[in-house]
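Peer 1: If you scroll down you'll find the structure; I have some questions about it.
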Amino acid sequence: MWCVVWLQGRTLTLYNTQYNDGGMYRCVADNNVRPLATYDTNVLVFFRPRARAVQSSYGQAQNRLFDITFECVVAGMLPA
């Protein structure tokens, strides 16, 4: 659940968001006077980089010098 904590000018700050809460949203204003006012906007959720391994272990023959490639998935969105 989002909680509005700061609204100043054109900036709205939300807390308790998850990284997957970002995306397109539509704001609708309705005061029983037609037509409704709507505005579409893209919500960006900034979050620290994080990484996870694709697999939990990798094998290697004893006393061999084979190359190995570690794979990981990395995601993050930091303010500019």
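In the structure tokens, chains take the letters A, B, ... in the order shown, each chain's residues start at 1, and ligands count up from 1 in the order shown.
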Can you pull out every residue within 12 Å of Thr41 of chain A, counting only C-alpha atoms, but drop anything in the same chain fewer than 2 positions away, and send it as an NGL selection string?
Peer 2: :A and (10 or 12 or 22-28 or 38-39 or 43-44)
Peer 1: Restricting the calculation to only C-alpha atoms: of A:Asp40, A:Ala29, A:Asp67, A:Phe46, which residue gets closest to Tyr15 of chain A?
Peer 2: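 Selected residue with least distance to Tyr15 of chain A: A:Phe46.
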Peer 1: With only C-alpha atoms as the basis for distance, which of A:Val74, A:Val45, A:Ala51, A:Ala61 is at the shortest distance from Thr13 of chain A?
Peer 2: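 Closest candidate: A:Val45.
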Peer 1: Measuring between only C-alpha atoms, which one of A:Asn31, A:Ala37, A:Phe47, A:Thr17 shows the shortest distance to Pro79 of chain A?
Peer 2: A:Phe47
Peer 1: Neighbouring residues of Ser57 of chain A were defined as those with any atom within 10 Å, considering only C-alpha atoms; residues of the same chain fewer than 3 positions away were excluded. Please report them as a count of residues only.
Peer 2: 3
